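Data block for data.csv (CSV, C-alpha atoms):
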chain,number,residue,atom,x,y,z
A,1383,MET,CA,0.0,0.0,0.0
A,1384,VAL,CA,1.2,3.5,-0.8
A,1385,THR,CA,1.7,6.2,1.7
A,1386,ASN,CA,-0.9,9.0,1.3
A,1387,SER,CA,-0.9,12.7,1.4
A,1388,SER,CA,-3.8,14.0,3.3
A,1389,GLU,CA,-4.5,17.0,1.0
A,1390,GLY,CA,-7.8,16.3,-0.9
A,1391,ALA,CA,-8.1,12.7,0.3
A,1392,SER,CA,-11.6,13.3,1.7
A,1393,ALA,CA,-12.9,14.3,-1.7
A,1394,PHE,CA,-12.8,10.6,-2.7
A,1395,GLY,CA,-13.8,8.8,0.4
A,1396,ASP,CA,-12.0,6.2,2.5
A,1397,HIS,CA,-10.8,3.8,-0.3
A,1398,ARG,CA,-8.9,6.5,-2.3
A,1399,GLU,CA,-5.8,8.4,-1.5
A,1400,VAL,CA,-3.9,11.3,-3.0
A,1401,VAL,CA,-0.2,10.3,-3.2
A,1402,SER,CA,3.0,11.7,-4.5
A,1403,PRO,CA,5.0,9.2,-6.6
A,1404,HIS,CA,8.2,9.7,-4.6
A,1405,ARG,CA,6.4,8.2,-1.6
A,1406,ILE,CA,5.8,4.9,-3.4
A,1407,GLY,CA,9.5,3.8,-3.4
A,1408,GLY,CA,12.5,3.7,-5.7
A,1409,GLU,CA,12.4,5.0,-9.3
A,1410,SER,CA,12.0,1.6,-10.9
A,1411,LYS,CA,9.1,0.7,-8.6
A,1412,VAL,CA,7.5,4.1,-9.3
A,1413,GLN,CA,8.0,3.7,-13.1
A,1414,GLU,CA,6.4,0.3,-13.0
A,1415,PHE,CA,3.4,1.6,-11.0
A,1416,LEU,CA,2.9,4.6,-13.4
A,1417,ARG,CA,2.9,2.3,-16.4
A,1418,THR,CA,-0.3,0.7,-15.1
A,1419,PHE,CA,-2.2,3.9,-15.9
A,1420,ARG,CA,-4.2,3.8,-19.2
A,1421,CYS,CA,-6.0,6.6,-21.0
A,1422,SER,CA,-7.1,5.7,-24.5
A,1423,ARG,CA,-9.2,8.8,-25.2
A,1424,ASP,CA,-6.0,11.0,-25.1
A,1425,SER,CA,-2.7,9.3,-25.6
A,1426,ASP,CA,-0.8,12.4,-24.4
A,1427,LEU,CA,-2.2,11.9,-20.9
A,1428,GLY,CA,-0.8,8.4,-20.6
A,1429,THR,CA,2.5,9.5,-22.3
A,1430,PHE,CA,3.0,12.3,-19.7
A,1431,LEU,CA,2.6,10.0,-16.8
A,1432,HIS,CA,4.7,7.2,-18.3
A,1433,ASP,CA,7.5,9.2,-19.8
A,1434,ARG,CA,7.7,12.7,-18.3
A,1435,ALA,CA,6.3,12.8,-14.8
A,1436,ILE,CA,9.4,11.4,-13.1
A,1437,PHE,CA,11.7,13.7,-15.2
A,1438,TYR,CA,9.7,16.8,-14.2
A,1439,GLU,CA,9.7,15.6,-10.6
A,1440,LYS,CA,13.5,15.2,-10.5
A,1441,LYS,CA,14.1,18.5,-12.2
A,1442,GLY,CA,11.7,20.3,-9.7
A,1443,ARG,CA,9.6,21.5,-12.6
A,1444,ALA,CA,6.3,19.9,-11.5
A,1445,ARG,CA,4.7,17.6,-8.9
A,1446,THR,CA,2.4,14.9,-10.0
A,1447,TYR,CA,-0.2,13.7,-7.6
A,1448,LEU,CA,-1.8,10.3,-8.1
A,1449,ILE,CA,-5.3,9.4,-7.0
A,1450,VAL,CA,-4.9,5.8,-5.9
A,1451,ASP,CA,-7.6,3.3,-5.1
A,1452,SER,CA,-6.2,1.1,-2.4
A,1453,ASP,CA,-7.4,-2.3,-1.1
A,1454,ASP,CA,-5.7,-5.1,0.7
A,1455,GLU,CA,-4.4,-6.8,-2.4
A,1456,HIS,CA,-3.3,-4.0,-4.8
A,1457,ASP,CA,-3.2,-0.3,-5.5
A,1458,THR,CA,-4.6,1.2,-8.7
A,1459,ILE,CA,-4.0,4.6,-10.2
A,1460,VAL,CA,-7.5,6.0,-11.0
A,1461,ALA,CA,-6.4,9.5,-11.9
A,1462,TYR,CA,-3.6,12.0,-11.7
A,1463,ILE,CA,-3.0,15.8,-11.4
A,1464,PRO,CA,0.3,17.4,-12.3
A,1465,LEU,CA,0.9,20.8,-10.7
A,1466,ALA,CA,3.6,23.4,-11.6
A,1467,ILE,CA,4.4,27.1,-11.4
A,1468,THR,CA,4.2,29.1,-14.6
A,1469,HIS,CA,3.5,32.6,-15.8
A,1470,LEU,CA,1.0,33.9,-18.2
A,1471,THR,CA,0.5,37.0,-20.4
A,1472,VAL,CA,-2.9,38.5,-20.7
A,1473,CYS,CA,-3.6,40.4,-23.9
A,1474,GLU,CA,-5.2,43.8,-23.9
A,1475,ASP,CA,-8.3,42.4,-25.6
A,1476,THR,CA,-8.9,39.7,-23.0
A,1477,PRO,CA,-12.5,38.7,-22.3
A,1478,LEU,CA,-11.6,38.8,-18.5
A,1479,SER,CA,-13.4,41.4,-16.5
A,1480,LYS,CA,-11.5,44.4,-15.0
A,1481,THR,CA,-12.2,43.0,-11.5
A,1482,ILE,CA,-10.5,39.7,-12.3
A,1483,ARG,CA,-7.6,41.4,-14.0
A,1484,LYS,CA,-7.1,43.6,-11.0
A,1485,ARG,CA,-7.2,40.6,-8.6
A,1486,MET,CA,-4.7,38.8,-10.8
A,1487,ASP,CA,-2.2,41.5,-9.9
A,1488,LEU,CA,-0.9,41.9,-13.5
A,1489,HIS,CA,2.3,43.7,-14.2
A,1490,ASP,CA,2.9,44.7,-17.8
A,1491,ASN,CA,0.0,42.2,-18.6
A,1492,MET,CA,1.9,39.3,-16.9
A,1493,THR,CA,1.5,37.4,-13.7
A,1494,ASP,CA,2.7,34.2,-12.1
A,1495,ALA,CA,0.3,31.3,-11.8
A,1496,TYR,CA,-0.1,27.8,-10.5
A,1497,LEU,CA,-0.6,25.5,-13.4
A,1498,ILE,CA,-2.9,22.5,-13.3
A,1499,GLY,CA,-1.0,20.6,-16.1
A,1500,GLN,CA,-3.9,18.3,-17.0
A,1501,LEU,CA,-6.5,16.1,-15.3
A,1502,ALA,CA,-6.6,12.5,-16.4
A,1503,LYS,CA,-8.5,9.5,-15.3
A,1504,ASP,CA,-7.8,5.8,-16.1
A,1505,ASP,CA,-9.9,4.0,-18.6
A,1506,ARG,CA,-11.1,1.6,-16.0
A,1507,VAL,CA,-12.8,4.4,-14.0
A,1508,GLU,CA,-16.4,4.8,-15.1
A,1509,GLU,CA,-17.6,7.6,-12.8
A,1510,ARG,CA,-17.2,11.2,-13.6
A,1511,MET,CA,-14.6,12.8,-11.2
A,1512,GLY,CA,-13.6,16.0,-12.9
A,1513,HIS,CA,-15.2,18.2,-10.2
A,1514,GLU,CA,-13.4,16.2,-7.4
A,1515,LEU,CA,-10.1,16.4,-9.3
A,1516,ILE,CA,-10.4,20.2,-9.5
A,1517,ARG,CA,-11.2,20.5,-5.8
A,1518,VAL,CA,-8.2,18.3,-4.9
A,1519,ALA,CA,-5.9,20.4,-7.2
A,1520,ILE,CA,-7.0,23.6,-5.5
A,1521,ASN,CA,-6.6,22.0,-2.1
A,1522,LEU,CA,-3.0,21.0,-3.0
A,1523,ILE,CA,-2.3,24.5,-4.3
A,1524,ARG,CA,-3.9,26.4,-1.4
A,1525,PRO,CA,-0.9,26.0,1.1
A,1526,GLY,CA,1.4,27.5,-1.5
A,1527,PHE,CA,-0.9,30.5,-1.8
A,1528,GLU,CA,-1.1,30.9,1.9
A,1529,MET,CA,2.7,30.7,2.3
A,1530,PHE,CA,3.8,32.6,-0.8
A,1531,GLY,CA,0.9,34.4,-2.4
A,1532,CYS,CA,0.0,34.1,-6.1
A,1533,ARG,CA,-3.8,33.8,-6.4
A,1534,THR,CA,-4.0,32.8,-10.0
A,1535,ILE,CA,-4.5,29.2,-11.2
A,1536,ARG,CA,-4.1,28.4,-14.9
A,1537,ILE,CA,-5.3,25.4,-16.8
A,1538,ASP,CA,-5.1,24.9,-20.6
A,1539,CYS,CA,-7.8,22.8,-22.3
A,1540,LYS,CA,-9.2,21.7,-25.6
A,1541,GLU,CA,-12.4,23.2,-26.8
A,1542,PRO,CA,-14.8,20.4,-25.7
A,1543,LEU,CA,-13.8,21.0,-22.1
A,1544,LEU,CA,-14.4,24.8,-22.0
A,1545,LYS,CA,-17.9,24.6,-20.6
A,1546,PHE,CA,-16.8,22.1,-17.9
A,1547,TYR,CA,-14.1,24.4,-16.7
A,1548,GLU,CA,-16.3,27.5,-16.9
A,1549,ARG,CA,-18.8,25.6,-14.6
A,1550,GLU,CA,-15.9,25.0,-12.2
A,1551,GLY,CA,-15.2,28.7,-12.0
A,1552,PHE,CA,-12.5,29.2,-14.6
A,1553,PHE,CA,-12.5,32.1,-17.1
A,1554,ARG,CA,-11.0,32.2,-20.6
A,1555,ILE,CA,-8.1,34.7,-20.9
A,1556,SER,CA,-8.4,34.8,-24.7
A,1557,THR,CA,-11.0,34.0,-27.3
A,1558,GLU,CA,-8.6,32.0,-29.5
A,1559,PRO,CA,-6.6,28.9,-28.6
A,1560,VAL,CA,-2.8,28.8,-28.4
A,1561,ASP,CA,-1.3,25.7,-29.9
A,1562,GLY,CA,-4.8,24.2,-29.9
A,1563,LEU,CA,-5.5,24.9,-26.2
A,1564,TYR,CA,-7.5,27.5,-24.5
A,1565,ARG,CA,-5.9,29.2,-21.5
A,1566,MET,CA,-8.2,29.6,-18.5
A,1567,VAL,CA,-7.8,31.0,-15.0
A,1568,CYS,CA,-9.5,31.0,-11.7
A,1569,LEU,CA,-8.5,32.8,-8.5
A,1570,ILE,CA,-8.0,31.5,-5.0

I need this file expressed as structure tokens, please.
Amino acid sequence: MVTNSSEGASAFGDHREVVSPHRIGGESKVQEFLRTFRCSRDSDLGTFLHDRAIFYEKKGRARTYLIVDSDDEHDTIVAYIPLAITHLTVCEDTPLSKTIRKRMDLHDNMTDAYLIGQLAKDDRVEERMGHELIRVAINLIRPGFEMFGCRTIRIDCKEPLLKFYEREGFFRISTEPVDGLYRMVCLI
């Protein structure tokens, strides 16, 4: 059984835990465990976890949190959330309100932000869990905000997910995608 991180664990009930891969064991054990994750609807999601998560973790560029379903016999990755620090530029013609732009504390139309890299769930998980994953990500980010500031959270998404993220409190920062992705923000 993996060792859990308490942040966000209650969002999933008693049988699921939020864990950081470095708490699982050595690199080969972690790599083997990460390779059990499958996401056929978007191969980039599986590729990130299999091929880049450990690299980004080692370089200190991102932290990837796993949602693990634990029982007495085995652990299963049901979803994951990578988090990082980034910056963003907001164009003058942004659809963001003046109030949100002011709260983002923009300097020369730029600000720092926490980045939710992507939300992914395993093919074997049937239930919808996007709302819970967003709540867990924000709960993981919140201590950073309380210690260091930076109230902006950024997520980049494809067009079919725009309405979902808008319902979750995110706002588009532009009307056009960048490299096929729409940049969205919410504020803590």

*Can you tell me how far CA of Gly1512 (chain A) sits from CA of Pro1477 (chain A), in Å to one decimal?*
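Interatomic distance here is 24.6 Å.
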
*Between A:Thr1476, A:Ser1422, A:Ser1452, A:Thr1446, which one has atoms that come closest to Gly1499 (chain A), using all atoms listed in the file?*
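Closest to Gly1499 (chain A), using all atoms listed in the file: A:Thr1446.
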
*To one decimal in Å, tell me the separation between CA of Ile1516 (chain A) and CA of Gly1551 (chain A).*
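Rounded to one decimal, the two atoms are 10.1 Å apart.
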
_I want to know what sits within 12 Å of Glu1541 (chain A), based on all atoms listed in the file, with residues of the same chain fewer than 4 positions away left out; could you give that as number ranges by chain?_
A: 1545-1548, 1554, 1557-1566

Skipping near chain neighbours, those fewer than 5 positions away, what residues fall within 12 Å of Arg1423 (chain A) using only C-alpha atoms, listed as an mmCIF file with C-alpha atoms, keeping the file's coordinate frame?
data_model
loop_
_atom_site.group_PDB
_atom_site.id
_atom_site.type_symbol
_atom_site.label_atom_id
_atom_site.label_comp_id
_atom_site.auth_asym_id
_atom_site.auth_seq_id
_atom_site.Cartn_x
_atom_site.Cartn_y
_atom_site.Cartn_z
ATOM 1 C CA GLY A 1428 -0.800 8.400 -20.600
ATOM 2 C CA ALA A 1502 -6.600 12.500 -16.400
ATOM 3 C CA LYS A 1503 -8.500 9.500 -15.300
ATOM 4 C CA ASP A 1504 -7.800 5.800 -16.100
ATOM 5 C CA ASP A 1505 -9.900 4.000 -18.600
ATOM 6 C CA ARG A 1506 -11.100 1.600 -16.000
#

*Which residues come within 10 Å of Gly1526 (chain A), counting only C-alpha atoms, excluding same-chain residues fewer than 6 positions away, as a PyMOL selection string?*
chain A and resi 1496+1532-1533

_My list of candidates is A:Ile1467, A:Ile1436, A:Leu1522, A:Cys1539. Which is closest to Lys1411 (chain A) when distances are computed with only C-alpha atoms?_
A:Ile1436

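CA of Gln1500 (chain A) sits 19.2 Å away from CA of Phe1415 (chain A).
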
*Which one is closest to Glu1509 (chain A): A:Ala1461, A:Ala1435, A:Thr1418, A:Arg1536? Count all atoms listed in the file.*
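Among the listed residues, A:Ala1461 lies closest to Glu1509 (chain A).
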
_Using all atoms listed in the file: which of A:Thr1534, A:Thr1468, A:Thr1458, A:Gln1413 has the shortest distance to Leu1488 (chain A)_ =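 Checking each candidate against Leu1488 (chain A), we get A:Thr1534 as the closest.
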
*Using all atoms listed in the file, which of the listed residues (A:Asn1521, A:Asp1475, A:Ile1463, A:Met1486) sits closest to Cys1568 (chain A)?*
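Checking each candidate against Cys1568 (chain A), we get A:Met1486 as the closest.
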
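Taking all atoms listed in the file into account, Asp1538 (chain A) lies nearest to A:Leu1470 out of the set A:Arg1524, A:Phe1430, A:Leu1470, A:Asp1490.
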
*Would you list the contacts of Thr1471 (chain A) as a ChimeraX atom specification, taking every protein, DNA or RNA residue within 10 Å and counting only C-alpha atoms, but skipping same-chain residues closer than 5 positions in sequence?*
/A:1488-1494,1555

_Would you pick out the contacts of Glu1414 (chain A) at 12 Å or less, using only C-alpha atoms, so that residues sharing its chain but fewer than 4 positions from it are not included, and give the list as a PyMOL selection string?_
chain A and resi 1403+1406-1410+1418-1419+1431-1433+1436+1458-1459

*Which protein, DNA or RNA residues have an atom at most 12 Å from (7.2, 17.1, -6.8), counting all atoms listed in the file? List them as a list in words.*
Val1401, Ser1402, Pro1403, His1404, Arg1405, Ala1435, Ile1436, Phe1437, Tyr1438, Glu1439, Lys1440, Lys1441, Gly1442, Arg1443, Ala1444, Arg1445, Thr1446, Tyr1447, Leu1448, Ile1463, Pro1464, Leu1465, Ala1466, Ile1467 and Leu1522 of chain A

How about saving the chosen residues, C-alpha atoms kept, as a short mmCIF file (atom, residue, chain, number, x, y, z; two decimals), in the coordinates of the input?
data_model
loop_
_atom_site.label_atom_id
_atom_site.label_comp_id
_atom_site.auth_asym_id
_atom_site.auth_seq_id
_atom_site.Cartn_x
_atom_site.Cartn_y
_atom_site.Cartn_z
CA VAL A 1401 -0.20 10.30 -3.20
CA SER A 1402 3.00 11.70 -4.50
CA PRO A 1403 5.00 9.20 -6.60
CA HIS A 1404 8.20 9.70 -4.60
CA ARG A 1405 6.40 8.20 -1.60
CA ALA A 1435 6.30 12.80 -14.80
CA ILE A 1436 9.40 11.40 -13.10
CA PHE A 1437 11.70 13.70 -15.20
CA TYR A 1438 9.70 16.80 -14.20
CA GLU A 1439 9.70 15.60 -10.60
CA LYS A 1440 13.50 15.20 -10.50
CA LYS A 1441 14.10 18.50 -12.20
CA GLY A 1442 11.70 20.30 -9.70
CA ARG A 1443 9.60 21.50 -12.60
CA ALA A 1444 6.30 19.90 -11.50
CA ARG A 1445 4.70 17.60 -8.90
CA THR A 1446 2.40 14.90 -10.00
CA TYR A 1447 -0.20 13.70 -7.60
CA LEU A 1448 -1.80 10.30 -8.10
CA ILE A 1463 -3.00 15.80 -11.40
CA PRO A 1464 0.30 17.40 -12.30
CA LEU A 1465 0.90 20.80 -10.70
CA ALA A 1466 3.60 23.40 -11.60
CA ILE A 1467 4.40 27.10 -11.40
CA LEU A 1522 -3.00 21.00 -3.00
#
